[in-house]
>>> print(open('upload_15.csv').read())   # CSV, C-alpha atoms
chain,number,residue,atom,x,y,z
A,1,MET,CA,86.0,98.2,136.0
A,2,ILE,CA,85.0,100.4,133.1
A,3,GLU,CA,87.3,103.1,134.4
A,4,MET,CA,90.2,100.7,134.5
A,5,LEU,CA,89.6,99.6,131.0
A,6,GLU,CA,89.4,103.2,129.9
A,7,LYS,CA,92.7,103.9,131.6
A,8,THR,CA,94.3,101.0,129.8
A,9,VAL,CA,93.1,102.2,126.5
A,10,LEU,CA,94.1,105.8,127.1
A,11,HIS,CA,97.6,104.8,128.2
A,12,ASN,CA,98.2,102.5,125.2
A,13,GLY,CA,97.0,104.8,122.4
A,14,LEU,CA,99.0,103.3,119.5
A,15,VAL,CA,98.3,99.7,120.5
A,16,THR,CA,94.6,100.6,120.7
A,17,ALA,CA,94.8,102.1,117.2
A,18,PHE,CA,96.3,98.8,115.9
A,19,ALA,CA,93.3,96.9,117.4
A,20,VAL,CA,90.8,99.4,116.2
A,21,VAL,CA,92.1,99.5,112.6
A,22,GLY,CA,92.4,95.7,112.6
A,23,LEU,CA,88.7,95.5,113.5
A,24,ILE,CA,87.9,98.1,110.8
A,25,MET,CA,89.8,96.0,108.2
A,26,TYR,CA,88.1,92.8,109.3
A,27,VAL,CA,84.6,94.3,109.0
A,28,SER,CA,85.5,95.8,105.6
A,29,MET,CA,86.8,92.5,104.3
A,30,LEU,CA,83.5,90.9,105.3
A,31,LEU,CA,81.4,93.7,103.8
A,32,SER,CA,83.5,93.5,100.6
A,33,ARG,CA,82.9,89.7,100.3
A,34,TYR,CA,79.3,89.4,101.3
A,35,LEU,CA,77.7,92.8,100.5
A,36,THR,CA,79.5,93.7,97.2
A,37,MET,CA,80.5,90.1,96.3
A,38,GLY,CA,84.1,91.3,96.1
A,39,ARG,CA,83.5,94.0,93.6
A,40,VAL,CA,84.5,96.8,95.9
A,41,HIS,CA,87.9,96.1,97.4
A,42,GLY,CA,88.0,95.7,101.2
A,43,SER,CA,90.6,98.4,101.5
A,44,ALA,CA,88.3,101.0,99.8
A,45,ILE,CA,85.5,100.2,102.2
A,46,ALA,CA,88.0,100.4,105.1
A,47,ILE,CA,89.1,103.9,104.0
A,48,LEU,CA,85.4,104.9,103.6
A,49,ILE,CA,84.7,103.7,107.1
A,50,GLY,CA,87.8,105.7,108.2
A,51,LEU,CA,86.5,108.8,106.6
A,52,GLY,CA,83.0,108.2,108.1
A,53,LEU,CA,84.5,107.9,111.5
A,54,ALA,CA,86.5,111.0,110.9
A,55,TYR,CA,83.3,112.9,110.1
A,56,TRP,CA,81.7,111.5,113.2
A,57,GLY,CA,84.7,112.4,115.4
A,58,GLY,CA,85.0,115.9,113.8
A,59,SER,CA,81.3,116.8,114.3
A,60,HIS,CA,81.3,115.3,117.8
A,61,THR,CA,84.3,117.2,119.1
A,62,GLY,CA,84.5,120.2,116.8
A,63,GLY,CA,88.2,119.5,116.3
A,64,GLN,CA,90.2,119.3,113.1
A,65,LYS,CA,91.6,115.8,113.3
A,66,GLY,CA,88.6,113.6,112.9
A,67,LEU,CA,88.5,110.5,115.1
A,68,ALA,CA,91.9,111.4,116.6
A,69,ASP,CA,90.4,114.3,118.5
A,70,LEU,CA,88.6,111.8,120.8
A,71,SER,CA,91.1,111.0,123.5
A,72,LEU,CA,90.2,107.3,123.4
A,73,PHE,CA,91.4,107.2,119.8
A,74,SER,CA,94.4,109.6,120.0
A,75,GLY,CA,96.6,106.7,118.9
A,76,ILE,CA,94.9,106.8,115.5
A,77,GLY,CA,96.6,110.2,115.1
A,78,LEU,CA,100.0,108.6,115.7
A,79,MET,CA,99.4,105.5,113.5
A,80,GLY,CA,98.0,107.6,110.6
A,81,GLY,CA,100.3,110.5,111.1
A,82,ALA,CA,102.9,111.7,108.7
A,83,MET,CA,105.8,109.7,110.4
A,84,LEU,CA,104.4,106.2,110.2
A,85,ARG,CA,102.6,107.0,106.9
A,86,ASP,CA,105.8,108.0,105.2
A,87,PHE,CA,107.7,105.1,106.8
A,88,ALA,CA,105.2,102.6,105.4
A,89,ILE,CA,105.2,104.3,102.0
A,90,VAL,CA,109.0,104.1,101.8
A,91,ALA,CA,108.8,100.4,102.7
A,92,THR,CA,106.5,99.7,99.7
A,93,ALA,CA,109.4,100.8,97.5
A,94,PHE,CA,111.1,97.5,98.4
A,95,GLU,CA,108.8,95.8,95.9
A,96,VAL,CA,109.6,98.2,93.0
A,97,GLN,CA,111.2,96.7,90.0
A,98,ALA,CA,113.9,99.2,89.1
A,99,THR,CA,113.7,98.5,85.4
A,100,GLU,CA,109.9,99.3,85.3
A,101,ALA,CA,110.5,102.6,87.2
A,102,ARG,CA,113.2,103.7,84.8
A,103,LYS,CA,111.0,102.9,81.7
A,104,ALA,CA,108.4,105.4,82.9
A,105,GLY,CA,110.8,108.2,84.0
A,106,MET,CA,110.0,110.7,81.3
A,107,ILE,CA,106.2,110.2,81.3
A,108,GLY,CA,106.3,110.6,85.1
A,109,VAL,CA,107.8,114.1,84.7
A,110,VAL,CA,105.3,115.1,82.1
A,111,ALA,CA,102.5,113.8,84.3
A,112,LEU,CA,103.8,115.7,87.2
A,113,VAL,CA,103.9,119.1,85.4
A,114,LEU,CA,100.4,118.5,83.9
A,115,GLY,CA,99.2,117.4,87.3
A,116,THR,CA,100.3,120.7,88.8
A,117,VAL,CA,99.2,123.1,86.1
A,118,LEU,CA,95.8,121.6,85.1
A,119,PRO,CA,94.2,121.4,88.6
A,120,PHE,CA,95.6,124.9,89.2
A,121,ILE,CA,93.9,126.4,86.2
A,122,VAL,CA,90.5,124.7,87.1
A,123,GLY,CA,90.8,125.8,90.7
A,124,ALA,CA,91.7,129.3,89.9
A,125,GLY,CA,88.9,129.4,87.3
A,126,VAL,CA,86.3,128.2,89.7
A,127,ALA,CA,87.5,130.7,92.3
A,128,TYR,CA,87.1,133.5,89.7
A,129,ALA,CA,83.6,132.3,88.8
A,130,PHE,CA,82.6,132.5,92.4
A,131,GLY,CA,83.8,136.1,92.8
A,132,TYR,CA,87.3,135.6,94.2
A,133,THR,CA,88.8,137.7,91.4
A,134,ASP,CA,92.0,138.9,93.0
A,135,ALA,CA,95.2,137.2,92.0
A,136,VAL,CA,96.1,136.1,95.6
A,137,SER,CA,92.8,134.4,96.2
A,138,MET,CA,92.7,132.8,92.8
A,139,THR,CA,96.3,131.5,93.2
A,140,THR,CA,95.6,130.2,96.7
A,141,ILE,CA,92.5,128.3,95.8
A,142,GLY,CA,94.1,127.1,92.6
A,143,ALA,CA,97.0,125.8,94.6
A,144,GLY,CA,94.6,124.1,96.9
A,145,ALA,CA,93.2,122.2,93.9
A,146,VAL,CA,96.8,120.8,93.5
A,147,THR,CA,97.0,119.4,97.0
A,148,TYR,CA,95.9,120.5,100.5
A,149,ILE,CA,99.5,121.2,101.4
A,150,VAL,CA,100.4,123.3,98.4
A,151,GLY,CA,97.3,125.5,99.0
A,152,PRO,CA,98.2,126.8,102.5
A,153,VAL,CA,102.0,126.9,101.7
A,154,THR,CA,101.3,129.1,98.6
A,155,GLY,CA,98.7,131.1,100.4
A,156,ALA,CA,101.1,131.9,103.3
A,157,ALA,CA,103.8,132.8,100.9
A,158,ILE,CA,101.7,135.4,99.0
A,159,GLY,CA,99.7,136.6,102.0
A,160,ALA,CA,96.2,135.2,101.6
A,161,SER,CA,93.5,135.7,104.2
A,162,SER,CA,92.7,132.8,106.6
A,163,GLU,CA,89.2,132.3,105.0
A,164,ILE,CA,90.8,131.8,101.6
A,165,MET,CA,93.4,129.4,103.1
A,166,ALA,CA,90.6,127.3,104.7
A,167,LEU,CA,88.8,127.2,101.4
A,168,SER,CA,92.0,126.2,99.7
A,169,ILE,CA,92.6,123.4,102.2
A,170,ALA,CA,89.0,122.2,101.9
A,171,THR,CA,89.5,122.0,98.1
A,172,GLY,CA,92.5,119.9,98.5
A,173,LEU,CA,90.8,117.7,101.0
A,174,VAL,CA,87.8,117.1,98.8
A,175,LYS,CA,90.1,116.2,96.0
A,176,ALA,CA,92.1,113.7,98.2
A,177,ILE,CA,88.9,112.1,99.4
A,178,LEU,CA,87.5,111.9,95.9
A,179,VAL,CA,90.7,110.3,94.6
A,180,MET,CA,90.6,107.8,97.5
A,181,VAL,CA,87.1,106.7,96.9
A,182,GLY,CA,86.9,107.2,93.1
A,183,THR,CA,90.1,105.5,92.0
A,184,PRO,CA,88.9,101.9,92.4
A,185,VAL,CA,85.7,102.7,90.6
A,186,ALA,CA,87.4,104.5,87.7
A,187,ALA,CA,90.4,102.2,87.5
A,188,GLY,CA,89.1,100.6,84.2
A,189,PHE,CA,88.5,104.0,82.6
A,190,LEU,CA,91.9,105.2,83.8
A,191,ARG,CA,93.6,102.0,82.5
A,192,LEU,CA,95.3,101.5,85.8
A,193,LYS,CA,97.0,98.2,85.2
A,194,THR,CA,100.7,98.7,84.7
A,195,PRO,CA,103.5,100.4,86.7
A,196,ARG,CA,103.7,103.0,84.0
A,197,SER,CA,100.0,103.8,84.2
A,198,ALA,CA,100.3,104.0,88.0
A,199,MET,CA,103.1,106.6,87.6
A,200,VAL,CA,101.0,108.7,85.2
A,201,PHE,CA,98.2,108.5,87.7
A,202,GLY,CA,100.5,109.4,90.6
A,203,GLY,CA,101.8,112.5,88.7
A,204,LEU,CA,98.4,113.7,87.6
A,205,ALA,CA,96.1,112.9,90.5
A,206,GLY,CA,98.7,114.4,92.9
A,207,THR,CA,97.9,114.2,96.6
A,208,VAL,CA,100.0,111.4,98.2
A,209,SER,CA,97.2,110.4,100.5
A,210,GLY,CA,94.7,110.2,97.7
A,211,VAL,CA,96.9,108.4,95.3
A,212,SER,CA,98.3,105.9,97.8
A,213,ALA,CA,94.9,105.1,99.3
A,214,GLY,CA,93.3,105.0,95.9
A,215,LEU,CA,95.9,102.7,94.4
A,216,ALA,CA,95.9,100.5,97.6
A,217,ALA,CA,92.2,99.9,97.1
A,218,THR,CA,92.7,99.2,93.4
A,219,ASP,CA,95.9,97.0,93.2
A,220,ARG,CA,98.4,97.0,96.0
A,221,LYS,CA,101.2,96.2,93.7
A,222,LEU,CA,100.8,99.6,92.0
A,223,VAL,CA,101.1,101.7,95.2
A,224,PRO,CA,104.9,102.2,95.2
A,225,TYR,CA,105.0,103.4,91.5
A,226,GLY,CA,102.2,105.9,92.0
A,227,THR,CA,103.4,107.3,95.2
A,228,LEU,CA,107.0,107.5,94.0
A,229,VAL,CA,105.9,110.1,91.5
A,230,ALA,CA,103.2,111.7,93.7
A,231,THR,CA,105.7,112.5,96.5
A,232,PHE,CA,107.3,115.0,94.1
A,233,HIS,CA,104.0,116.5,93.4
A,234,THR,CA,103.7,118.5,96.6
A,235,GLY,CA,107.3,119.7,96.3
A,236,LEU,CA,106.8,120.8,92.7
A,237,GLY,CA,103.5,122.5,93.6
A,238,CYS,CA,105.0,124.4,96.5
A,239,LEU,CA,107.8,125.5,94.2
A,240,MET,CA,105.6,126.6,91.3
A,241,GLY,CA,102.6,127.9,93.3
A,242,PRO,CA,104.0,131.0,94.9
A,243,SER,CA,106.3,131.8,91.9
A,244,VAL,CA,105.5,131.0,88.3
A,245,LEU,CA,101.8,130.3,88.7
A,246,TYR,CA,101.2,133.3,90.9
A,247,PHE,CA,103.0,135.6,88.5
A,248,ALA,CA,101.0,134.1,85.6
A,249,VAL,CA,97.6,134.7,87.4
A,250,LYS,CA,98.8,138.2,88.3
A,251,SER,CA,99.6,139.2,84.8
A,252,LEU,CA,96.3,137.7,83.6
A,253,VAL,CA,93.9,139.5,86.0
A,254,ALA,CA,95.8,142.8,86.5
B,255,MET,CA,117.9,89.8,112.1
B,256,ILE,CA,114.6,91.5,111.4
B,257,ILE,CA,115.7,94.7,113.0
B,258,TYR,CA,118.5,95.1,110.3
B,259,GLY,CA,115.8,95.5,107.7
B,260,THR,CA,113.7,97.9,109.7
B,261,ALA,CA,116.9,99.9,110.5
B,262,LEU,CA,117.8,100.0,106.9
B,263,LEU,CA,114.4,101.3,106.1
B,264,ALA,CA,114.7,103.9,108.9
B,265,VAL,CA,118.0,105.1,107.7
B,266,CYS,CA,116.7,105.5,104.1
B,267,HIS,CA,113.7,107.3,105.4
B,268,LEU,CA,115.7,109.8,107.5
B,269,LEU,CA,118.2,110.4,104.8
B,270,GLY,CA,115.5,110.9,102.2
B,271,ILE,CA,113.6,113.4,104.4
B,272,PHE,CA,116.8,115.2,105.2
B,273,LEU,CA,117.8,115.5,101.6
B,274,GLY,CA,114.3,116.7,100.7
B,275,ASP,CA,114.5,119.4,103.3
B,276,LEU,CA,117.9,120.4,102.1
B,277,LEU,CA,116.6,120.5,98.5
B,278,GLY,CA,113.7,122.7,99.6
B,279,ALA,CA,116.1,125.1,101.4
B,280,LEU,CA,118.4,125.2,98.4
B,281,ILE,CA,115.6,126.3,96.0
B,282,GLY,CA,114.1,128.6,98.6
B,283,VAL,CA,110.7,126.9,99.4
B,284,LYS,CA,109.8,126.3,103.0
B,285,THR,CA,108.9,122.7,102.4
B,286,ASN,CA,110.2,119.2,101.9
B,287,VAL,CA,110.8,118.6,98.2
B,288,GLY,CA,110.3,114.9,97.3
B,289,GLY,CA,111.8,113.6,100.6
B,290,VAL,CA,109.7,110.4,100.6
B,291,GLY,CA,110.5,109.9,96.9
B,292,ILE,CA,114.2,110.3,97.6
B,293,ALA,CA,113.9,107.8,100.5
B,294,MET,CA,112.2,105.3,98.2
B,295,ILE,CA,114.9,105.6,95.6
B,296,LEU,CA,117.6,105.2,98.3
B,297,LEU,CA,115.8,102.0,99.5
B,298,ILE,CA,115.6,100.6,96.0
B,299,CYS,CA,119.3,101.3,95.4
B,300,ALA,CA,120.2,99.8,98.8
B,301,ARG,CA,118.3,96.7,98.0
B,302,LEU,CA,119.9,96.2,94.6
B,303,TYR,CA,123.3,96.8,96.1
B,304,MET,CA,122.9,94.4,99.0
B,305,HIS,CA,121.1,91.8,97.0
B,306,LYS,CA,124.0,91.6,94.6
B,307,ARG,CA,126.5,91.0,97.4
B,308,GLY,CA,124.3,88.5,99.3
B,309,LEU,CA,123.8,90.8,102.3
B,310,MET,CA,120.1,90.5,102.2
B,311,PRO,CA,118.9,87.3,104.0
B,312,GLN,CA,115.2,86.6,104.2
B,313,THR,CA,114.8,87.8,107.8
B,314,THR,CA,116.3,91.2,106.9
B,315,GLU,CA,113.8,91.5,104.1
B,316,LEU,CA,111.0,90.7,106.5
B,317,GLY,CA,111.9,93.8,108.5
B,318,VAL,CA,111.1,95.9,105.5
B,319,THR,CA,108.2,94.0,104.0
B,320,PHE,CA,106.3,94.0,107.3
B,321,TRP,CA,106.1,97.8,107.1
B,322,GLY,CA,105.1,97.7,103.5
B,323,ALA,CA,102.2,95.4,104.4
B,324,MET,CA,101.2,97.7,107.2
B,325,TYR,CA,100.6,100.4,104.6
B,326,ILE,CA,96.9,99.9,104.1
B,327,PRO,CA,96.0,99.9,107.8
B,328,VAL,CA,98.1,103.0,108.2
B,329,VAL,CA,96.2,104.7,105.4
B,330,VAL,CA,92.9,103.7,107.1
B,331,ALA,CA,94.1,105.4,110.2
B,332,MET,CA,95.1,108.4,108.2
B,333,ALA,CA,91.7,108.6,106.6
B,334,ALA,CA,90.1,108.4,110.1
B,335,GLN,CA,91.8,111.7,111.1
B,336,GLN,CA,91.1,113.9,108.1
B,337,ASN,CA,89.1,117.1,108.7
B,338,VAL,CA,86.1,115.7,106.7
B,339,VAL,CA,83.8,118.2,108.4
B,340,ALA,CA,85.7,121.2,107.1
B,341,ALA,CA,86.0,119.6,103.7
B,342,LEU,CA,82.2,119.3,103.4
B,343,ARG,CA,81.6,122.7,104.9
B,344,GLY,CA,83.9,124.3,102.3
B,345,GLY,CA,80.8,124.5,100.1
B,346,PRO,CA,80.5,124.6,96.3
B,347,VAL,CA,83.8,126.3,95.6
B,348,ALA,CA,85.9,123.6,97.2
B,349,VAL,CA,83.7,120.8,95.8
B,350,LEU,CA,83.5,122.3,92.3
B,351,ALA,CA,87.2,123.1,92.1
B,352,ALA,CA,88.1,119.7,93.3
B,353,MET,CA,85.7,117.9,91.0
B,354,GLY,CA,86.6,120.0,88.0
B,355,ALA,CA,90.3,119.5,88.5
B,356,LEU,CA,89.9,115.7,88.9
B,357,ALA,CA,87.7,115.4,85.9
B,358,LEU,CA,90.3,117.1,83.7
B,359,CYS,CA,93.1,115.0,85.3
B,360,ALA,CA,91.2,111.8,84.9
B,361,SER,CA,90.6,112.4,81.2
B,362,THR,CA,94.3,113.2,80.8
B,363,ILE,CA,95.4,110.1,82.6
B,364,ALA,CA,93.0,108.0,80.5
B,365,LEU,CA,94.3,109.6,77.4
B,366,ILE,CA,98.0,109.1,78.3
B,367,ASN,CA,97.5,105.5,79.5
B,368,ARG,CA,95.7,104.6,76.2
B,369,THR,CA,99.0,105.4,74.4
B,370,GLU,CA,100.8,102.7,76.3
B,371,LYS,CA,101.4,100.0,73.7
B,372,ASP,CA,101.3,96.8,75.8
B,373,ALA,CA,98.4,97.9,78.0
B,374,GLY,CA,95.6,96.1,76.2
B,375,ASP,CA,97.5,92.9,75.6
B,376,GLU,CA,96.0,90.7,78.4
B,377,THR,CA,92.5,92.2,78.5
B,378,VAL,CA,91.2,92.1,74.9
B,379,THR,CA,87.7,91.4,76.0
B,380,GLU,CA,87.5,94.2,78.5
B,381,PRO,CA,86.9,97.4,76.5
B,382,SER,CA,83.1,97.2,76.7
B,383,SER,CA,83.2,97.0,80.5
B,384,ASP,CA,85.7,99.9,80.5
B,385,VAL,CA,83.4,102.0,78.5
B,386,LYS,CA,80.6,101.3,81.0
B,387,THR,CA,82.7,102.3,84.0
B,388,GLY,CA,83.8,105.3,82.1
B,389,VAL,CA,80.2,106.5,81.6
B,390,LYS,CA,79.3,105.8,85.2
B,391,THR,CA,82.2,107.8,86.6
B,392,ALA,CA,82.1,110.7,84.1
>>> encode(input="upload_15.csv", output="structure tokens")
Amino acid sequence: MIEMLEKTVLHNGLVTAFAVVGLIMYVSMLLSRYLTMGRVHGSAIAILIGLGLAYWGGSHTGGQKGLADLSLFSGIGLMGGAMLRDFAIVATAFEVQATEARKAGMIGVVALVLGTVLPFIVGAGVAYAFGYTDAVSMTTIGAGAVTYIVGPVTGAAIGASSEIMALSIATGLVKAILVMVGTPVAAGFLRLKTPRSAMVFGGLAGTVSGVSAGLAATDRKLVPYGTLVATFHTGLGCLMGPSVLYFAVKSLVA
Amino acid sequence: MIIYGTALLAVCHLLGIFLGDLLGALIGVKTNVGGVGIAMILLICARLYMHKRGLMPQTTELGVTFWGAMYIPVVVAMAAQQNVVAALRGGPVAVLAAMGALALCASTIALINRTEKDAGDETVTEPSSDVKTGVKTA
């Protein structure tokens, strides 16, 4: 009986994922309503539960893909993978008011450039303070502070060691997780209310996963504006990291 | 039909990713440059174009909006497969670099968003609570 049920679940990974995530959402909505009196948005709680399950799955299996490493939950990997994630993100653009987006065009570009350079400086500075004083390590960790994709792409391009690469990815991951969890809490301080403010946020906070999840937990209507800008963030970072930023660090420390 | 909407979304998605890859190859980086963003812009344009010509009945729209609504559940699934263990094991360098970068960015966001003229219109009574949350998160 149990074996047959297990087989059913194993053979229907994606469908299982829909059921599991649906359950997580339901529990989160209940927690949001009764435990926090609606003050913490259900989506934020759901994302936190997701991260908690990822930690549990990761420490259980020793794998790198959180809950998706457990074969019973492999469908989570497909549902939350890059393909469906991007598909759903693109779909949110359907609700974008084109006039609003155009109004914030220039400020979006400014935010993007700042959002690449500022985290990079902080990341490289922290790396330097902890004894990673060579240009390659500083650049790789600095790039990781931009996003966890920019980090390894930059590191691979300039020949960083795998230890530095892992550190760089970890930096980006911590940042993404902090953005996911912290955005709803800091929304008032950040003045996240209008499409324009969401675009500034998307450009400066960077990571698509962090921005989209953070905005989703704050105000779903703002998601497309933030992610629209944030999606250019990784590209810009991958462009500037191994080139302009690396040369700048090299000229400073050499 | 609903599938028309989903197909339109799929075509925009594919075209956007392809153009992003192409752009990346053109400027010589090995990654997709703004593919999802390009796809979003394509979808916005397609919607404006088709809406004007009456080619967008409600059911077609449903084929897109369903996926937009699936967005949060997809994000939860994404969160559930992050390498949280490694992120926490990264130690003080990763945590400090991430937190420092975010603190600086958050201040910049707050600064820029306070320059927006019409931001404070509807919430005149809120500044005091804003300050409180600001202190809590700083």
>>> interface_residues(input="upload_15.csv", of="chain B", to="chain A", cutoff="6 Å", atoms="all atoms listed in the file", output="MDAnalysis selection string")
chainID B and resid 287:288 291 294 298 318 321:322 325 328 330:339 341 344 348 351:352 355 359 364 367 384 388
>>> write_last_selection(input="upload_15.csv", atoms="C-alpha atoms", output="CSV table (one decimal), in the frame of the given file")
chain,number,residue,atom,x,y,z
B,287,VAL,CA,110.8,118.6,98.2
B,288,GLY,CA,110.3,114.9,97.3
B,291,GLY,CA,110.5,109.9,96.9
B,294,MET,CA,112.2,105.3,98.2
B,298,ILE,CA,115.6,100.6,96.0
B,318,VAL,CA,111.1,95.9,105.5
B,321,TRP,CA,106.1,97.8,107.1
B,322,GLY,CA,105.1,97.7,103.5
B,325,TYR,CA,100.6,100.4,104.6
B,328,VAL,CA,98.1,103.0,108.2
B,330,VAL,CA,92.9,103.7,107.1
B,331,ALA,CA,94.1,105.4,110.2
B,332,MET,CA,95.1,108.4,108.2
B,333,ALA,CA,91.7,108.6,106.6
B,334,ALA,CA,90.1,108.4,110.1
B,335,GLN,CA,91.8,111.7,111.1
B,336,GLN,CA,91.1,113.9,108.1
B,337,ASN,CA,89.1,117.1,108.7
B,338,VAL,CA,86.1,115.7,106.7
B,339,VAL,CA,83.8,118.2,108.4
B,341,ALA,CA,86.0,119.6,103.7
B,344,GLY,CA,83.9,124.3,102.3
B,348,ALA,CA,85.9,123.6,97.2
B,351,ALA,CA,87.2,123.1,92.1
B,352,ALA,CA,88.1,119.7,93.3
B,355,ALA,CA,90.3,119.5,88.5
B,359,CYS,CA,93.1,115.0,85.3
B,364,ALA,CA,93.0,108.0,80.5
B,367,ASN,CA,97.5,105.5,79.5
B,384,ASP,CA,85.7,99.9,80.5
B,388,GLY,CA,83.8,105.3,82.1
>>> atom_distance(input="upload_15.csv", atom1="CA of Ile366 (chain B)", atom2="CA of Gly108 (chain A)")
10.8 Å
>>> residues_around(input="upload_15.csv", residues="Glu315 (chain B)", least_positions_apart="3", cutoff="12 Å", atoms="all atoms listed in the file", output="ChimeraX atom specification")
/A:91-92,94-95 /B:255-263,297,300-301,304-305,308-312,318-322
>>> residues_near_point(input="upload_15.csv", point="(115.5, 115.0, 99.7)", cutoff="7 Å", atoms="only C-alpha atoms", output="PyMOL selection string")
chain B and resi 270-277+287-289+292
>>> write_last_selection(input="upload_15.csv", atoms="C-alpha atoms", output="short mmCIF file (atom, residue, chain, number, x, y, z; two decimals), in the coordinates of the input")
data_model
loop_
_atom_site.label_atom_id
_atom_site.label_comp_id
_atom_site.auth_asym_id
_atom_site.auth_seq_id
_atom_site.Cartn_x
_atom_site.Cartn_y
_atom_site.Cartn_z
CA GLY B 270 115.50 110.90 102.20
CA ILE B 271 113.60 113.40 104.40
CA PHE B 272 116.80 115.20 105.20
CA LEU B 273 117.80 115.50 101.60
CA GLY B 274 114.30 116.70 100.70
CA ASP B 275 114.50 119.40 103.30
CA LEU B 276 117.90 120.40 102.10
CA LEU B 277 116.60 120.50 98.50
CA VAL B 287 110.80 118.60 98.20
CA GLY B 288 110.30 114.90 97.30
CA GLY B 289 111.80 113.60 100.60
CA ILE B 292 114.20 110.30 97.60
#
>>> atom_distance(input="upload_15.csv", atom1="CA of Tyr225 (chain A)", atom2="CA of Thr362 (chain B)")
18.0 Å
>>> atom_distance(input="upload_15.csv", atom1="CA of Ser71 (chain A)", atom2="CA of Lys7 (chain A)")
10.9 Å
>>> closest_residue(input="upload_15.csv", among="B:Ile326, B:Leu269, B:Leu365, B:Leu316", to="Val290 (chain B)", atoms="only C-alpha atoms")
B:Leu269
>>> residues_around(input="upload_15.csv", residues="Gly155 (chain A)", least_positions_apart="4", cutoff="8 Å", atoms="all atoms listed in the file", output="PDB file with C-alpha atoms, in the frame of the given file")
ATOM      1  CA  VAL A 136      96.100 136.100  95.600  1.00  0.00           C
ATOM      2  CA  SER A 137      92.800 134.400  96.200  1.00  0.00           C
ATOM      3  CA  THR A 139      96.300 131.500  93.200  1.00  0.00           C
ATOM      4  CA  THR A 140      95.600 130.200  96.700  1.00  0.00           C
ATOM      5  CA  GLY A 151      97.300 125.500  99.000  1.00  0.00           C
ATOM      6  CA  GLY A 159      99.700 136.600 102.000  1.00  0.00           C
ATOM      7  CA  ALA A 160      96.200 135.200 101.600  1.00  0.00           C
ATOM      8  CA  SER A 161      93.500 135.700 104.200  1.00  0.00           C
ATOM      9  CA  MET A 165      93.400 129.400 103.100  1.00  0.00           C
ATOM     10  CA  PRO A 242     104.000 131.000  94.900  1.00  0.00           C
TER      11      PRO A 242
END
